[in-house]
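For reference, model.txt is printed below; it contains compact mmCIF, C-alpha atoms.
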# COMPACT_ATOMS: atom_id res chain seq x y z
CA MET A 22 0.00 0.00 0.00
CA LEU A 23 1.14 3.52 -0.68
CA ASP A 24 2.23 5.56 2.29
CA LEU A 25 3.19 9.09 3.21
CA GLY A 26 6.83 8.55 2.23
CA TRP A 27 5.72 7.65 -1.27
CA TYR A 28 3.59 10.79 -1.49
CA ASP A 29 6.52 12.84 -0.19
CA ALA A 30 8.67 11.45 -3.02
CA LEU A 31 5.99 12.39 -5.56
CA LEU A 32 5.84 15.95 -4.23
CA TYR A 33 9.60 16.20 -4.30
CA TRP A 34 9.79 14.92 -7.87
CA LYS A 35 6.99 17.04 -9.33
CA LEU A 36 7.32 20.22 -7.26
CA TYR A 37 10.84 20.56 -5.93
CA SER A 38 12.39 21.06 -9.35
CA SER A 39 10.27 24.15 -9.90
CA THR A 40 10.40 25.37 -6.29
CA PRO A 41 13.88 24.66 -4.91
CA ASP A 42 12.93 25.04 -1.24
CA SER A 43 13.93 21.92 0.67
CA SER A 44 11.39 22.63 3.41
CA LEU A 45 8.48 22.66 0.93
CA THR A 46 7.71 18.96 0.89
CA SER A 47 8.00 18.65 4.68
CA TRP A 48 5.61 21.53 5.17
CA LEU A 49 3.13 20.28 2.56
CA ARG A 50 3.31 16.75 3.86
CA GLY A 51 1.90 17.86 7.21
CA PHE A 52 -1.35 18.77 5.48
CA ALA A 53 -1.57 15.52 3.54
CA VAL A 54 -1.71 12.67 6.03
CA GLU A 55 -5.46 12.39 6.57
CA PRO A 56 -6.64 13.37 3.07
CA LEU A 57 -4.13 10.98 1.48
CA LEU A 58 -5.33 8.08 3.61
CA GLN A 59 -8.95 8.93 2.79
CA LEU A 60 -8.20 9.14 -0.93
CA LEU A 61 -6.38 5.82 -0.94
CA THR A 62 -9.46 4.11 0.50
CA ARG A 63 -11.53 5.46 -2.42
CA ILE A 64 -9.09 4.56 -5.22
CA PRO A 65 -9.97 1.25 -6.93
CA GLN A 66 -7.44 -1.58 -7.13
CA THR A 67 -7.64 -1.60 -10.91
CA VAL A 68 -8.78 0.79 -13.60
CA SER A 69 -9.69 0.22 -17.23
CA ARG A 70 -8.53 2.03 -20.32
CA GLN A 71 -11.62 4.18 -20.41
CA VAL A 72 -11.14 7.92 -20.72
CA THR A 73 -14.15 8.55 -18.48
CA ASP A 74 -12.74 6.29 -15.75
CA ILE A 75 -9.41 8.12 -15.77
CA MET A 76 -11.07 11.54 -15.82
CA ASP A 77 -13.28 10.49 -12.89
CA LEU A 78 -10.16 9.56 -10.92
CA VAL A 79 -8.53 12.88 -11.82
CA GLU A 80 -11.60 14.64 -10.41
CA LEU A 81 -11.69 12.38 -7.33
CA ILE A 82 -8.13 13.38 -6.45
CA GLY A 83 -9.15 17.04 -6.59
CA ARG A 84 -11.83 16.54 -3.94
CA TYR A 85 -9.19 15.73 -1.32
CA GLN A 86 -7.27 18.99 -1.69
CA LEU A 87 -3.89 17.32 -1.35
CA PRO A 88 -0.89 19.66 -1.53
CA GLY A 89 0.48 19.64 -5.05
CA MET A 90 -2.77 18.21 -6.45
CA ALA A 91 -5.41 20.59 -5.05
CA SER A 92 -5.45 23.07 -7.92
CA SER A 93 -7.97 22.27 -10.63
CA ASP A 94 -5.18 22.47 -13.22
CA ALA A 95 -2.73 20.16 -11.41
CA LEU A 96 -3.10 17.52 -14.10
CA PRO A 97 0.64 16.70 -14.36
CA VAL A 98 0.86 15.79 -10.66
CA ARG A 99 -2.51 14.03 -10.59
CA THR A 100 -1.67 11.90 -13.63
CA THR A 101 1.74 11.10 -12.18
CA PHE A 102 0.01 9.96 -8.97
CA LEU A 103 -2.35 7.78 -11.03
CA HIS A 104 0.49 6.51 -13.22
CA ILE A 105 2.33 5.23 -10.17
CA LEU A 106 -0.85 3.44 -9.06
CA TYR A 107 -1.72 2.16 -12.56
CA PRO A 108 1.50 2.13 -14.63
CA THR A 109 0.01 0.00 -17.40
CA VAL A 110 -3.03 2.24 -17.87
CA VAL A 111 -2.47 5.89 -16.95
CA PRO A 112 0.25 7.79 -18.80
CA ILE A 113 1.98 10.78 -17.25
CA PHE A 114 0.57 13.95 -18.77
CA ASP A 115 3.05 16.78 -18.57
CA LYS A 116 4.82 19.35 -20.68
CA MET A 117 7.60 16.99 -21.75
CA VAL A 118 5.30 14.26 -23.12
CA LEU A 119 3.17 16.81 -24.93
CA LYS A 120 6.29 18.27 -26.51
CA ALA A 121 7.38 14.77 -27.52
CA VAL A 122 4.13 14.12 -29.39
CA GLY A 123 4.01 17.59 -30.94
CA ALA A 124 0.97 18.72 -28.95
CA TRP A 125 2.53 21.39 -26.76
CA PHE A 126 1.25 24.92 -26.48
CA ASP A 127 1.37 27.18 -23.43
CA ARG A 128 -0.49 25.50 -20.55
CA ALA A 129 -1.62 22.50 -22.65
CA ASN A 130 -0.78 20.24 -19.69
CA LYS A 131 -3.42 22.09 -17.65
CA GLU A 132 -6.27 21.40 -20.10
CA ARG A 133 -8.69 18.55 -19.42
CA ALA A 134 -9.76 18.49 -23.07
CA ILE A 135 -6.16 17.85 -24.12
CA LEU A 136 -5.83 15.09 -21.50
CA ARG A 137 -8.99 13.44 -22.85
CA GLN A 138 -7.42 13.42 -26.32
CA TYR A 139 -3.98 12.36 -25.09
CA LEU A 140 -5.13 9.25 -23.18
CA PRO A 141 -6.28 7.21 -26.21
CA HIS A 142 -3.31 8.52 -28.21
CA ALA A 143 -0.87 7.25 -25.56
CA TRP A 144 -2.65 3.89 -25.39
CA THR A 145 -2.50 3.52 -29.17
CA LEU A 146 1.22 4.32 -29.19
CA ALA A 147 1.85 1.90 -26.31
CA ASP A 148 -0.04 -0.90 -28.06
CA ARG A 149 1.65 -0.22 -31.40
CA HIS A 150 5.12 -0.37 -29.88
CA ALA A 151 4.56 -2.95 -27.10
CA GLN A 152 6.30 -5.73 -29.04
CA SER A 153 9.48 -3.72 -29.50
CA GLN A 154 9.49 -2.77 -25.80
CA ALA A 155 9.18 -6.32 -24.50
CA GLY A 156 12.68 -6.35 -23.00
CA PHE A 157 12.02 -3.40 -20.68
CA GLN A 158 10.78 -3.73 -17.10
CA GLU A 159 8.48 -0.72 -17.39
CA SER A 160 5.08 -0.95 -19.02
CA PRO A 161 4.64 0.25 -22.62
CA VAL A 162 2.47 3.09 -21.26
CA ARG A 163 5.36 4.23 -19.07
CA LEU A 164 7.89 3.96 -21.88
CA ILE A 165 5.68 5.94 -24.25

Write-out of the structure in structure tokens:
Amino acid sequence: MLDLGWYDALLYWKLYSSTPDSSLTSWLRGFAVEPLLQLLTRIPQTVSRQVTDIMDLVELIGRYQLPGMASSDALPVRTTFLHILYPTVVPIFDKMVLKAVGAWFDRANKERAILRQYLPHAWTLADRHAQSQAGFQESPVRLI
């Protein structure tokens, strides 16, 4: 089961690089214990490759007002959280992946409509290239 240390690592990875304050994650973490535990009881064990299911989970995360994921446009952190839970289903949705697929424009990684379009695109790419990625330990969704 995921724990607070895991969440701390996620915050560090997604937020520290843009806010180089070493006390940030410790401070934010203090606000996260109870909401994180509540969220983890609501998250299903598995999720399907259905855009609506993923979008519902993105919205569910927002209801818990977790530091780093509370903002309605915190899609990069929310999808990273979901990717760690479901690495074979949920791709990370951030600036770098959108640049890689030629879909970047300012704040594209904050747009739900773009995420809805990106999910099936990432799944198609993962399926198309799964055979050539068979030697890797990560899932094709992660590699894409």

Inset, instruction - Figure out the distance between atom CA of A:Lys116 and atom CA of A:Ala129, please, to one decimal in Å. - result: 7.4 Å

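When only C-alpha atoms are used to compute distances to A:Leu57, the closest of the residues A:Arg149, A:Asp77, A:Ile82, A:Tyr107 turns out to be A:Ile82.
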
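Taking atom CA of A:Ala95 as the reference point, atom CA of A:Ala147 is found at 24.0 Å.
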
Legend entry - Selection: 12 Å around A:Met117, only C-alpha atoms, excl. self and same-chain fewer than 2 positions, as a PyMOL selection string: chain A and resi 97+113-115+119-126+128-130+165

Legend entry - atom CA of A:Gly26 to atom CA of A:Val118, distance in Å rounded to a single decimal: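 Going from atom CA of A:Gly26 over to atom CA of A:Val118 covers 26.0 Å.
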
Legend entry - Surrounding residues of A:Leu81 excluding itself and chain neighbours under 6 positions, 9 Å, only C-alpha atoms, as a list in words: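 Residues meeting the cut-off are Leu60, Arg63 and Ile64 of chain A.
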
Export C-alpha atoms of the chosen residues as a PDB file, keeping the file's coordinate frame?
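Below you can see again_10.pdb, which holds the result:
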ATOM      1  CA  LEU A  60      -8.200   9.140  -0.930  1.00  0.00           C
ATOM      2  CA  ARG A  63     -11.530   5.460  -2.420  1.00  0.00           C
ATOM      3  CA  ILE A  64      -9.090   4.560  -5.220  1.00  0.00           C
TER       4      ILE A  64
END

Legend entry - Test item: residues at most 10 Å from A:Ile75, only C-alpha atoms, excluding those fewer than 6 positions along its chain, as JSON, numbers by chain: {"A": [68, 69, 81, 100, 103, 110, 111, 136, 137, 140]}

Write to file, as a CSV table (one decimal), in the coordinates of the input, the residues of the selection just made, with C-alpha atoms.
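Heads up, here's the output in out-v5.csv:
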chain,number,residue,atom,x,y,z
A,68,VAL,CA,-8.8,0.8,-13.6
A,69,SER,CA,-9.7,0.2,-17.2
A,81,LEU,CA,-11.7,12.4,-7.3
A,100,THR,CA,-1.7,11.9,-13.6
A,103,LEU,CA,-2.4,7.8,-11.0
A,110,VAL,CA,-3.0,2.2,-17.9
A,111,VAL,CA,-2.5,5.9,-17.0
A,136,LEU,CA,-5.8,15.1,-21.5
A,137,ARG,CA,-9.0,13.4,-22.8
A,140,LEU,CA,-5.1,9.2,-23.2

Legend entry - Pick from A:Tyr85, A:Arg99, A:Pro108, A:Asp148, whichever lies nearest to A:Thr62 using all atoms listed in the file: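 Counting all atoms listed in the file, the residue closest to A:Thr62 is A:Tyr85.
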
Inset, instruction - Could you tell me which of A:Arg133, A:His142, A:Pro112, A:Glu55 comes closest to A:Val162 if we count only C-alpha atoms? - result: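 The closest residue to A:Val162 is A:Pro112.
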
Legend entry - Among listed residues A:Pro56, A:Thr145, A:Asp127, A:Glu159, nearest A:Gln86 (using all atoms listed in the file): A:Pro56

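In this comparison, which uses all atoms listed in the file, the residue of A:Leu87, A:Leu78, A:Ile135, A:Val72 approaching A:Val54 most closely is A:Leu87.
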